[in-house]
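Visitor: The structure file upload_32.txt (compact mmCIF, C-alpha atoms) is provided below.
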```txt
# COMPACT_ATOMS: atom_id res chain seq x y z
CA MET T 1 111.39 100.51 53.22
CA ARG T 2 113.22 97.83 55.20
CA SER T 3 112.12 94.30 54.39
CA LEU T 4 111.14 91.78 57.07
CA HIS T 5 113.99 89.56 55.90
CA THR T 6 116.48 92.39 56.30
CA ASN T 7 115.24 93.19 59.78
CA THR T 8 115.15 89.62 61.03
CA THR T 9 118.61 88.90 59.65
CA ALA T 10 119.99 92.02 61.31
CA LEU T 11 118.24 91.18 64.56
CA ALA T 12 119.53 87.63 64.47
CA LEU T 13 123.09 88.81 63.97
CA ALA T 14 122.91 91.57 66.56
CA LEU T 15 121.15 89.60 69.28
CA ALA T 16 123.02 86.36 68.69
CA THR T 17 126.23 88.34 69.11
CA ALA T 18 124.82 89.76 72.32
CA LEU T 19 124.04 86.27 73.67
CA PRO T 20 127.36 84.41 73.52
CA GLY T 21 127.93 81.04 75.12
CA ALA T 22 125.80 80.49 78.21
CA ALA T 23 123.88 83.77 78.16
CA PHE T 24 120.11 83.45 78.34
CA ALA T 25 117.20 85.90 77.91
CA SER T 26 115.45 87.65 79.67
CA SER T 27 118.38 88.06 82.04
CA HIS T 28 119.10 84.40 82.66
CA ARG T 29 122.89 84.05 83.09
CA GLU T 30 123.44 87.07 80.88
CA GLU T 31 127.03 87.75 81.87
CA PRO T 32 130.17 85.72 82.66
CA PHE T 33 130.40 86.41 86.40
CA LEU T 34 126.85 85.28 87.13
CA THR T 35 127.29 81.90 85.44
CA LYS T 36 129.49 81.07 88.44
CA ASN T 37 127.15 82.69 90.98
CA PRO T 38 123.60 81.62 90.06
CA LYS T 39 122.11 82.23 93.51
CA VAL T 40 122.53 85.99 93.05
CA ASP T 41 121.54 86.01 89.36
CA ALA T 42 118.44 88.21 89.04
CA THR T 43 116.60 86.84 86.02
CA ASP T 44 113.33 88.78 85.78
CA PHE T 45 111.57 91.56 87.65
CA TYR T 46 107.83 92.31 87.68
CA MET T 47 105.59 94.93 89.23
CA PHE T 48 101.82 95.15 88.80
CA LYS T 49 98.63 96.19 90.57
CA SER T 50 97.46 93.36 92.78
CA TYR T 51 94.34 91.66 91.44
CA GLU T 52 93.39 89.43 94.35
CA PRO T 53 89.86 90.43 95.43
CA GLY T 54 90.07 92.92 98.26
CA ARG T 55 93.69 93.88 97.48
CA GLU T 56 93.00 96.47 94.78
CA GLY T 57 94.84 99.15 96.77
CA TYR T 58 98.10 97.17 96.68
CA VAL T 59 100.93 96.54 94.23
CA THR T 60 103.04 93.40 93.91
CA PHE T 61 106.75 93.06 93.15
CA VAL T 62 108.24 89.77 91.95
CA ALA T 63 112.02 89.32 91.69
CA ASN T 64 113.29 86.00 90.30
CA TYR T 65 116.69 84.41 90.89
CA GLN T 66 118.74 81.28 90.19
CA PRO T 67 117.29 80.37 86.78
CA LEU T 68 116.85 77.21 84.71
CA GLN T 69 115.99 74.87 87.57
CA ASP T 70 114.69 71.44 86.64
CA GLY T 71 112.09 69.98 88.95
CA TYR T 72 114.24 67.12 90.21
CA GLY T 73 111.45 65.73 92.30
CA GLY T 74 112.34 68.02 95.26
CA PRO T 75 111.24 69.54 97.41
CA ASN T 76 113.78 71.95 98.82
CA PHE T 77 116.73 71.32 96.51
CA PHE T 78 117.31 75.03 95.91
CA THR T 79 118.11 77.86 98.28
CA LEU T 80 119.05 81.53 98.23
CA ASP T 81 122.46 82.78 99.33
CA SER T 82 122.64 83.20 103.11
CA GLU T 83 125.52 85.70 102.71
CA ALA T 84 123.82 87.93 100.13
CA LEU T 85 121.45 90.90 100.32
CA TYR T 86 118.47 90.77 97.97
CA GLU T 87 117.09 94.27 97.48
CA ILE T 88 114.10 95.93 95.81
CA HIS T 89 114.50 99.66 95.18
CA VAL T 90 111.90 102.35 94.52
CA ASP T 91 112.62 105.80 93.07
CA ASN T 92 109.67 108.12 93.64
CA ASN T 93 111.12 111.46 92.51
CA GLY T 94 112.46 110.66 89.05
CA ASP T 95 116.22 110.82 89.69
CA ALA T 96 116.84 107.05 89.18
CA LYS T 97 118.13 106.78 92.76
CA GLU T 98 116.48 104.71 95.48
CA ASP T 99 114.14 106.45 97.91
CA ILE T 100 112.68 103.24 99.38
CA THR T 101 114.56 99.95 99.77
CA TRP T 102 113.42 96.57 101.02
CA THR T 103 116.25 94.19 101.89
CA TYR T 104 115.80 90.43 102.16
CA THR T 105 118.27 88.21 103.95
CA PHE T 106 118.17 84.43 104.34
CA GLY T 107 119.46 82.06 106.97
CA THR T 108 121.33 78.81 106.46
CA ALA T 109 119.06 76.08 105.11
CA ASP T 110 117.86 73.47 107.58
CA ALA T 111 117.70 69.73 106.91
CA SER T 112 114.52 70.18 104.85
CA GLY T 113 116.06 72.98 102.78
CA ARG T 114 113.98 75.77 104.30
CA GLN T 115 115.53 79.08 105.29
CA SER T 116 114.58 81.88 107.64
CA VAL T 117 113.69 85.16 105.88
CA THR T 118 114.04 88.69 107.25
CA VAL T 119 112.73 91.79 105.47
CA LYS T 120 114.06 95.21 106.45
CA SER T 121 113.67 98.80 105.36
CA GLY T 122 116.87 100.49 106.49
CA ALA T 123 117.47 99.33 110.06
CA THR T 124 113.77 98.57 110.68
CA THR T 125 112.64 94.94 110.53
CA LEU T 126 109.32 94.76 108.68
CA GLY T 127 108.74 91.04 109.01
CA THR T 128 110.26 87.58 109.42
CA GLY T 129 109.27 84.18 108.17
CA THR T 130 110.40 80.99 106.49
CA THR T 131 110.80 80.21 102.80
CA GLY T 132 107.71 78.59 101.37
CA SER T 133 105.26 80.43 103.63
CA SER T 134 103.90 83.96 103.33
CA PHE T 135 104.17 86.37 106.27
CA ASN T 136 102.88 89.83 107.06
CA LEU T 137 104.90 93.05 106.92
CA THR T 138 104.55 96.10 109.12
CA GLY T 139 102.42 98.67 107.30
CA GLY T 140 99.94 96.24 105.78
CA GLY T 141 102.03 94.33 103.25
CA LYS T 142 103.10 90.71 103.00
CA ALA T 143 105.96 88.73 101.55
CA VAL T 144 107.07 85.25 100.56
CA ALA T 145 110.15 83.63 99.04
CA GLY T 146 110.57 80.18 97.55
CA LEU T 147 110.64 78.00 94.44
CA TYR T 148 108.06 78.61 91.69
CA ASP T 149 107.29 77.89 88.06
CA ASP T 150 109.37 80.34 85.99
CA PRO T 151 106.84 82.71 84.36
CA PHE T 152 109.21 83.81 81.58
CA PHE T 153 108.38 82.47 78.11
CA PHE T 154 110.43 82.63 74.91
CA ASP T 155 111.46 80.36 72.01
CA LEU T 156 115.18 80.57 72.76
CA ALA T 157 116.09 77.66 70.47
CA ALA T 158 114.45 79.30 67.45
CA PHE T 159 116.04 82.62 68.37
CA ARG T 160 119.50 81.07 68.30
CA ASN T 161 118.62 79.38 65.00
CA SER T 162 118.54 82.67 63.05
CA LEU T 163 115.08 83.60 64.38
CA ALA T 164 113.47 80.51 62.84
CA PHE T 165 110.23 81.03 64.72
CA CYS T 166 107.21 78.93 63.89
CA PRO T 167 105.42 80.78 61.04
CA GLY T 168 101.68 80.48 61.23
CA GLY T 169 101.84 78.27 64.29
CA VAL T 170 102.77 78.23 67.95
CA GLY T 171 106.40 78.33 69.03
CA THR T 172 108.03 76.27 71.77
CA ASN T 173 108.69 77.82 75.15
CA PHE T 174 112.27 76.98 76.08
CA PHE T 175 111.47 77.74 79.73
CA ALA T 176 108.47 75.42 80.02
CA GLY T 177 108.89 73.03 82.94
CA LEU T 178 111.69 75.05 84.53
CA ASN T 179 111.52 76.63 87.95
CA THR T 180 113.07 79.70 89.55
CA MET T 181 113.56 81.09 93.02
CA ALA T 182 111.36 84.13 93.63
CA ILE T 183 110.93 86.88 96.18
CA VAL T 184 107.42 88.36 96.20
CA VAL T 185 106.32 91.41 98.18
CA GLU T 186 102.95 93.15 98.21
CA VAL T 187 102.60 96.65 99.70
CA PRO T 188 99.97 99.40 99.76
CA SER T 189 100.16 101.67 96.70
CA SER T 190 99.92 104.67 99.03
CA MET T 191 103.36 103.78 100.43
CA LEU T 192 105.07 104.36 97.09
CA GLY T 193 103.71 107.43 95.33
CA GLY T 194 102.08 107.70 91.92
CA LYS T 195 104.69 107.46 89.17
CA ILE T 196 107.77 105.57 90.26
CA GLY T 197 110.79 103.63 89.03
CA VAL T 198 111.75 100.24 90.46
CA TRP T 199 114.54 97.69 90.16
CA ALA T 200 116.07 94.72 91.98
CA ARG T 201 119.68 94.35 93.12
CA THR T 202 121.85 91.67 94.74
CA MET T 203 124.79 92.48 97.00
CA LYS T 204 127.39 90.31 98.71
CA GLY T 205 129.84 91.93 101.07
CA ASN T 206 130.32 95.39 99.61
CA THR T 207 130.01 94.17 96.03
CA GLN T 208 126.98 94.61 93.79
CA PHE T 209 126.61 91.36 91.87
CA ASP T 210 123.56 92.01 89.72
CA ARG T 211 120.65 94.36 89.05
CA MET T 212 117.45 93.84 87.09
CA ALA T 213 114.60 96.02 85.85
CA ARG T 214 113.40 95.93 82.25
CA PRO T 215 113.87 92.58 80.52
CA ALA T 216 116.94 91.93 78.38
CA ILE T 217 118.60 95.35 78.54
CA ASN T 218 121.97 93.96 79.61
CA THR T 219 121.47 90.76 77.62
CA VAL T 220 120.84 92.50 74.31
CA PHE T 221 122.68 95.80 74.39
CA LEU T 222 125.91 95.23 76.32
CA ASN T 223 128.74 93.34 74.64
CA PRO T 224 131.34 91.89 75.22
CA GLY T 225 131.08 90.13 78.57
CA SER T 226 133.20 92.71 80.38
CA ARG T 227 130.59 95.37 79.56
CA LYS T 228 127.86 93.10 80.92
CA ASP T 229 129.81 92.67 84.16
CA MET T 230 130.27 96.43 84.36
CA PHE T 231 126.56 97.07 83.81
CA ASN T 232 125.58 94.79 86.67
CA SER T 233 127.99 96.54 89.05
CA THR T 234 126.88 100.12 88.30
CA GLN T 235 123.82 102.20 89.21
CA PRO T 236 120.78 103.19 87.13
CA ALA T 237 121.46 106.90 87.64
CA ASP T 238 124.68 106.47 85.63
CA ASP T 239 123.18 104.42 82.79
CA LYS T 240 122.73 107.23 80.27
CA ALA T 241 126.31 108.39 80.66
CA ASN T 242 127.77 104.89 80.67
CA TYR T 243 125.70 102.94 78.15
CA THR T 244 123.89 105.20 75.67
CA ALA T 245 126.57 104.55 73.03
CA ASP T 246 126.17 100.77 73.47
CA VAL T 247 122.39 100.90 73.12
CA VAL T 248 122.44 103.29 70.17
CA GLY T 249 125.01 101.11 68.41
CA VAL T 250 122.85 97.98 68.63
CA LEU T 251 119.70 99.88 67.62
CA LYS T 252 121.43 101.29 64.53
CA ALA T 253 122.69 97.80 63.66
CA LEU T 254 119.03 96.76 63.61
CA GLY T 255 118.30 99.35 60.92
CA ASN T 256 117.11 102.30 63.00
CA ASP T 257 118.35 105.72 61.92
CA ASP T 258 120.41 107.84 64.30
CA ALA T 259 117.49 109.95 65.54
CA THR T 260 115.28 106.91 66.21
CA ALA T 261 118.11 105.01 67.90
CA ASN T 262 118.82 107.90 70.26
CA GLN T 263 115.12 108.35 71.00
CA LEU T 264 114.72 104.67 71.87
CA ALA T 265 117.88 104.72 73.98
CA GLY T 266 116.32 107.56 75.95
CA VAL T 267 113.33 105.30 76.67
CA LEU T 268 115.38 102.23 77.59
CA LEU T 269 117.86 104.03 79.84
CA PRO T 270 118.13 104.33 82.74
CA ASP T 271 117.32 100.66 83.22
CA ILE T 272 114.47 100.98 85.70
CA LEU T 273 110.95 99.62 85.42
CA THR T 274 108.71 102.69 85.25
CA VAL T 275 105.27 102.34 86.80
CA ASP T 276 102.14 104.41 87.29
CA THR T 277 100.74 102.73 90.39
CA ALA T 278 97.22 103.95 89.52
CA SER T 279 97.23 102.12 86.18
CA LYS T 280 96.41 98.49 85.46
CA ASP T 281 98.35 98.61 82.19
CA GLY T 282 101.29 96.27 81.72
CA PHE T 283 104.68 96.59 80.02
CA LEU T 284 106.08 99.26 79.51
CA ASN T 285 104.05 100.38 82.53
CA GLY T 286 105.55 97.96 85.01
CA ARG T 287 105.39 94.32 83.97
CA LYS T 288 102.66 91.75 84.57
CA LEU T 289 103.42 88.04 84.84
CA THR T 290 101.40 87.48 81.67
CA ASP T 291 103.01 90.26 79.59
CA ASP T 292 104.67 89.06 76.40
CA VAL T 293 107.75 91.24 76.76
CA ILE T 294 109.63 89.45 73.96
CA ASP T 295 106.97 90.37 71.40
CA ALA T 296 106.80 93.92 72.76
CA GLU T 297 110.56 94.37 72.49
CA PHE T 298 110.78 92.77 69.04
CA ASN T 299 108.15 95.25 67.85
CA LEU T 300 109.92 98.16 69.50
CA LEU T 301 113.41 97.34 68.24
CA THR T 302 112.40 96.57 64.65
CA ALA T 303 109.63 99.17 64.21
CA GLY T 304 107.12 96.32 63.88
CA ALA T 305 109.01 94.34 61.25
CA LEU T 306 109.45 91.39 63.61
CA LYS T 307 106.31 90.99 65.68
CA SER T 308 106.47 87.74 67.60
CA ASP T 309 108.29 84.55 68.54
CA ARG T 310 104.81 82.95 68.54
CA VAL T 311 105.11 81.62 72.07
CA ILE T 312 102.26 81.80 74.55
CA ASN T 313 102.62 81.82 78.30
CA ASP T 314 102.14 78.25 79.55
CA SER T 315 102.19 79.01 83.28
CA THR T 316 99.06 78.67 85.38
CA PHE T 317 99.04 81.66 87.67
CA ARG T 318 97.13 81.93 90.91
CA VAL T 319 94.31 84.39 91.40
CA LYS T 320 95.75 85.54 94.72
CA PHE T 321 99.10 86.31 96.35
CA PRO T 322 101.80 85.32 95.44
CA TYR T 323 100.24 84.90 91.95
CA LEU T 324 103.12 82.78 90.59
CA GLY T 325 102.48 79.17 89.57
CA VAL T 326 103.55 76.36 91.89
CA ALA T 327 106.98 74.84 91.29
CA LEU T 328 106.90 72.06 88.73
CA PRO T 329 108.01 68.46 89.35
CA PRO T 330 109.77 66.40 86.66
CA ALA T 331 107.67 65.92 83.53
CA ALA T 332 105.02 68.05 85.15
CA SER T 333 101.48 67.60 83.93
CA ARG T 334 100.17 71.04 83.05
CA ALA T 335 96.64 69.63 83.13
CA ALA T 336 97.17 68.43 86.69
CA ILE T 337 98.60 71.78 87.75
CA LYS T 338 95.66 73.56 86.14
CA MET T 339 93.18 71.34 87.98
CA PHE T 340 94.99 72.10 91.24
CA HIS T 341 94.60 75.82 90.73
CA GLN T 342 90.97 75.53 89.74
CA ALA T 343 90.28 73.63 92.92
CA ASP T 344 92.28 76.32 94.79
CA SER T 345 92.97 73.78 97.49
CA ASP T 346 95.41 75.44 99.90
CA PRO T 347 97.89 76.70 97.29
CA GLN T 348 100.06 78.14 100.06
CA GLY T 349 100.80 74.59 101.11
CA LEU T 350 102.87 74.00 98.00
CA GLU T 351 104.93 77.19 98.13
CA GLY T 352 108.62 76.40 98.13
CA ASN T 353 108.08 72.80 97.04
```
Using the file provided, produce a representation of the structure as structure tokens.

Guide:
Amino acid sequence: MRSLHTNTTALALALATALPGAAFASSHREEPFLTKNPKVDATDFYMFKSYEPGREGYVTFVANYQPLQDGYGGPNFFTLDSEALYEIHVDNNGDAKEDITWTYTFGTADASGRQSVTVKSGATTLGTGTTGSSFNLTGGGKAVAGLYDDPFFFDLAAFRNSLAFCPGGVGTNFFAGLNTMAIVVEVPSSMLGGKIGVWARTMKGNTQFDRMARPAINTVFLNPGSRKDMFNSTQPADDKANYTADVVGVLKALGNDDATANQLAGVLLPDILTVDTASKDGFLNGRKLTDDVIDAEFNLLTAGALKSDRVINDSTFRVKFPYLGVALPPAASRAAIKMFHQADSDPQGLEGN
């Protein structure tokens, strides 16, 4: 039987190797090209059944970009790329190719930092608005884009220190107090189908800059940096052919036998977030904002030998669209933010701040 020490040492070596230099989990600056292009860096992707009262027949997508933003006292210090296409893809027939695509484009920021937003499906415009304010989409959905509290949570410092997580206690969330840009869209479940696959992609010109679905696939399993760049420029339908050997190699380095490594690789690839839209379950069925994906993946990769980084989610999420927590100012008081949410006093008024 593999010991916990053996597993954690192997995991530390394998994952530390997979996170050189400026790379950050979940997919925060995971590859060399994106460190120079943070506005198109897709950091995390979520999909879950909407839980706002009266919206039970809807699902919500959240795609986060431009990570590790300090609350400098804002508002409006951060924008999305006015020359890029921000896309959310849906596969509803199991071939890992898009059948539905929503494309977001952004105008040049005005003096206050706000940008116009246009959402299209193919050549059809579904809705227009301005960053920081939600707007309706044709077909019954709605959308918003702006700056929010980053919902990702992980003890990155302990991870990089040979997995020295806080035994018997609570770890430190490296991402506490940091913000991220987010695109949020809510659509009727009936528009999508039952069991689907989803992912986010950023394009600029004719070049695919990044893609994001399950957390940390590129970050953990693709090495060196040239392989990470390649992964972000290719399509999910090609993942098994292109990257099975990479994934199996890392899984075997973590102590999994060949059969187990290949089985897990078959689950992890293609890199799309699989979802049963009728289910309220979280990761691996979609991903909720509150899901502890780090603990889930530690358990999966080490067959339960490493269970947790002992970090809890410190974000205060809203009970209605867009669900994300408001963007945090410098030295943000979590107690004050919590009181704001409990009062539920016009939370839309702070979107994008």

Visitor: Might you pull out every residue within 12 Å of Ala296 of chain T, with all atoms listed in the file counted and same-chain residues fewer than 2 positions away left off, and present them as a compact mmCIF listing (two decimals) with C-alpha atoms, in the frame of the given file?

Guide:
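result.txt written:
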```
# COMPACT_ATOMS: atom_id res chain seq x y z
CA ARG T 214 113.40 95.93 82.25
CA PRO T 215 113.87 92.58 80.52
CA ALA T 216 116.94 91.93 78.38
CA GLY T 282 101.29 96.27 81.72
CA PHE T 283 104.68 96.59 80.02
CA LEU T 284 106.08 99.26 79.51
CA ARG T 287 105.39 94.32 83.97
CA ASP T 291 103.01 90.26 79.59
CA ASP T 292 104.67 89.06 76.40
CA VAL T 293 107.75 91.24 76.76
CA ILE T 294 109.63 89.45 73.96
CA PHE T 298 110.78 92.77 69.04
CA ASN T 299 108.15 95.25 67.85
CA LEU T 300 109.92 98.16 69.50
CA LEU T 301 113.41 97.34 68.24
CA THR T 302 112.40 96.57 64.65
CA ALA T 303 109.63 99.17 64.21
CA GLY T 304 107.12 96.32 63.88
CA ALA T 305 109.01 94.34 61.25
CA LEU T 306 109.45 91.39 63.61
CA LYS T 307 106.31 90.99 65.68
CA SER T 308 106.47 87.74 67.60
CA ASP T 309 108.29 84.55 68.54
CA ARG T 310 104.81 82.95 68.54
```

Visitor: When distances are computed from all atoms listed in the file, which of T:Gly94, T:Gly225, T:Gly177, T:Gly146 shows the smallest separation from Val198 of chain T?

Guide: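 Looking at the shortest contact to Val198 of chain T, the residue is T:Gly94.
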
Visitor: Show me, as a ChimeraX atom specification, the residues that have an atom within 10 Å of Leu251 of chain T when counting all atoms listed in the file, minus same-chain residues fewer than 2 positions from it.

Guide: /T:11,14,221,245-249,253-258,260-262,264-265,301-302

Visitor: What is the distance, in Å and to one decimal place, between atom CA of Ala237 of chain T and atom CA of Asn37 of chain T?

Guide: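 Interatomic distance here is 25.1 Å.
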
Visitor: Using Å and a single decimal, report how far atom CA of Asp81 of chain T sits from atom CA of Ala109 of chain T.

Guide: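 Between atom CA of Ala109 of chain T and atom CA of Asp81 of chain T the gap works out to 9.5 Å.
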
Visitor: Please compute the atom CA of Lys97 of chain T-atom CA of Leu80 of chain T distance, one decimal, in Å.

Guide: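 Between atom CA of Lys97 of chain T and atom CA of Leu80 of chain T the gap works out to 25.9 Å.
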
Visitor: Which residue, T:Gln115, T:Gln235, T:Ser121, T:Thr43, has the smallest gap to Ser133 of chain T when you use all atoms listed in the file?

Guide: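 Nearest candidate to Ser133 of chain T out of T:Gln115, T:Gln235, T:Ser121, T:Thr43: T:Gln115.
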
Visitor: Could you check the closest approach to Leu268 of chain T for each of T:Phe48, T:Glu297, T:Phe165, T:Lys280 and tell me which residue wins, using only C-alpha atoms?

Guide: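 Closest candidate: T:Glu297.
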
Visitor: Between T:Met203, T:Ala241, T:Val319, T:Val62, which is the closest to Lys39 of chain T once you count all atoms listed in the file?

Guide: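 That would be T:Met203, the residue with the smallest distance to Lys39 of chain T.
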
Visitor: Give me, as CSV, each residue of segment 25-123 of chain T that comes within 8 Å of segment 181-196 of chain T, together with its shortest interatomic pair and the distance in Å at one decimal, counting all atoms listed in the file, with rows ordered by chain and rising residue number.

Guide:
```
residue,atom,partner,partner_atom,distance
T:Ser50,CA,T:Glu186,CA,7.7
T:Gly57,CA,T:Ser189,CA,5.9
T:Tyr58,CA,T:Pro188,CA,4.2
T:Val59,CA,T:Glu186,CA,5.6
T:Thr60,CA,T:Glu186,CA,4.3
T:Phe61,CA,T:Val185,CA,5.3
T:Val62,CA,T:Val184,CA,4.6
T:Ala63,CA,T:Ile183,CA,5.2
T:Asn64,CA,T:Ala182,CA,4.3
T:Tyr65,CA,T:Met181,CA,5.0
T:Gln66,CA,T:Met181,CA,5.9
T:Pro67,CA,T:Met181,CA,7.3
T:Phe78,CA,T:Met181,CA,7.7
T:Thr79,CA,T:Met181,CA,7.7
T:Leu80,CA,T:Met181,CA,7.6
T:Val90,CA,T:Ile196,CA,6.8
T:Asp91,CA,T:Ile196,CA,5.6
T:Asn92,CA,T:Ile196,CA,4.6
T:Asn93,CA,T:Ile196,CA,7.1
T:Gly94,CA,T:Ile196,CA,7.0
```

Visitor: Would you please work out which residue, of T:Ala157, T:Ala42, T:Ile272, T:Leu147, is nearest to Asp95 of chain T when using all atoms listed in the file?

Guide: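 Ranked by minimum distance to Asp95 of chain T, first place goes to T:Ile272.
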
Visitor: When you count only C-alpha atoms, which of these residues is closest to Asp210 of chain T: T:Asp295, T:Glu52, T:Glu87, T:Asp110?

Guide: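 Checking each of T:Asp295, T:Glu52, T:Glu87, T:Asp110 against Asp210 of chain T, counting only C-alpha atoms, the winner is T:Glu87.
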
Visitor: Enumerate, as an MDAnalysis selection string, the protein, DNA and RNA residues whose atoms approach (120.7, 90.5, 102.7) to within 9 Å, taking into account only C-alpha atoms and the coordinate frame of the file.

Guide: chainID T and resid 81:87 103:106 118:120 202:204

Visitor: Restore N, CA and C atoms in segment 94-111 of chain T and list the result as a PDB file, in the frame of the given file.

Guide:
```pdb
ATOM      1  N   GLY T  94     112.005 110.567  90.425  1.00  0.00           N
ATOM      2  CA  GLY T  94     112.460 110.660  89.050  1.00  0.00           C
ATOM      3  C   GLY T  94     113.949 110.850  88.839  1.00  0.00           C
ATOM      4  N   ASP T  95     114.788 110.635  89.872  1.00  0.00           N
ATOM      5  CA  ASP T  95     116.220 110.820  89.690  1.00  0.00           C
ATOM      6  C   ASP T  95     116.974 109.503  89.511  1.00  0.00           C
ATOM      7  N   ALA T  96     116.251 108.384  89.373  1.00  0.00           N
ATOM      8  CA  ALA T  96     116.840 107.050  89.180  1.00  0.00           C
ATOM      9  C   ALA T  96     117.723 106.632  90.353  1.00  0.00           C
ATOM     10  N   LYS T  97     117.450 107.180  91.534  1.00  0.00           N
ATOM     11  CA  LYS T  97     118.130 106.780  92.760  1.00  0.00           C
ATOM     12  C   LYS T  97     117.088 106.311  93.768  1.00  0.00           C
ATOM     13  N   GLU T  98     117.459 105.328  94.586  1.00  0.00           N
ATOM     14  CA  GLU T  98     116.480 104.710  95.480  1.00  0.00           C
ATOM     15  C   GLU T  98     116.041 105.672  96.579  1.00  0.00           C
ATOM     16  N   ASP T  99     114.729 105.727  96.796  1.00  0.00           N
ATOM     17  CA  ASP T  99     114.140 106.450  97.910  1.00  0.00           C
ATOM     18  C   ASP T  99     113.562 105.492  98.948  1.00  0.00           C
ATOM     19  N   ILE T 100     113.178 104.300  98.496  1.00  0.00           N
ATOM     20  CA  ILE T 100     112.680 103.240  99.380  1.00  0.00           C
ATOM     21  C   ILE T 100     113.423 101.963  99.014  1.00  0.00           C
ATOM     22  N   THR T 101     113.878 101.222 100.015  1.00  0.00           N
ATOM     23  CA  THR T 101     114.560  99.950  99.770  1.00  0.00           C
ATOM     24  C   THR T 101     114.039  98.895 100.735  1.00  0.00           C
ATOM     25  N   TRP T 102     113.701  97.745 100.194  1.00  0.00           N
ATOM     26  CA  TRP T 102     113.420  96.570 101.020  1.00  0.00           C
ATOM     27  C   TRP T 102     114.570  95.598 100.826  1.00  0.00           C
ATOM     28  N   THR T 103     115.117  95.111 101.931  1.00  0.00           N
ATOM     29  CA  THR T 103     116.250  94.190 101.890  1.00  0.00           C
ATOM     30  C   THR T 103     115.844  92.851 102.483  1.00  0.00           C
ATOM     31  N   TYR T 104     116.090  91.800 101.724  1.00  0.00           N
ATOM     32  CA  TYR T 104     115.800  90.430 102.160  1.00  0.00           C
ATOM     33  C   TYR T 104     117.115  89.737 102.482  1.00  0.00           C
ATOM     34  N   THR T 105     117.153  89.077 103.623  1.00  0.00           N
ATOM     35  CA  THR T 105     118.270  88.210 103.950  1.00  0.00           C
ATOM     36  C   THR T 105     117.733  86.833 104.341  1.00  0.00           C
ATOM     37  N   PHE T 106     118.588  85.821 104.151  1.00  0.00           N
ATOM     38  CA  PHE T 106     118.170  84.430 104.340  1.00  0.00           C
ATOM     39  C   PHE T 106     119.159  83.711 105.241  1.00  0.00           C
ATOM     40  N   GLY T 107     118.615  82.852 106.095  1.00  0.00           N
ATOM     41  CA  GLY T 107     119.460  82.060 106.970  1.00  0.00           C
ATOM     42  C   GLY T 107     119.981  80.815 106.272  1.00  0.00           C
ATOM     43  N   THR T 108     120.822  80.079 106.977  1.00  0.00           N
ATOM     44  CA  THR T 108     121.330  78.810 106.460  1.00  0.00           C
ATOM     45  C   THR T 108     120.192  77.806 106.379  1.00  0.00           C
ATOM     46  N   ALA T 109     120.144  77.053 105.295  1.00  0.00           N
ATOM     47  CA  ALA T 109     119.060  76.080 105.110  1.00  0.00           C
ATOM     48  C   ALA T 109     119.115  74.991 106.171  1.00  0.00           C
ATOM     49  N   ASP T 110     117.924  74.586 106.637  1.00  0.00           N
ATOM     50  CA  ASP T 110     117.860  73.470 107.580  1.00  0.00           C
ATOM     51  C   ASP T 110     117.850  72.150 106.824  1.00  0.00           C
ATOM     52  N   ALA T 111     117.627  71.058 107.532  1.00  0.00           N
ATOM     53  CA  ALA T 111     117.700  69.730 106.910  1.00  0.00           C
ATOM     54  C   ALA T 111     116.674  69.554 105.800  1.00  0.00           C
TER      55      ALA T 111
END
```
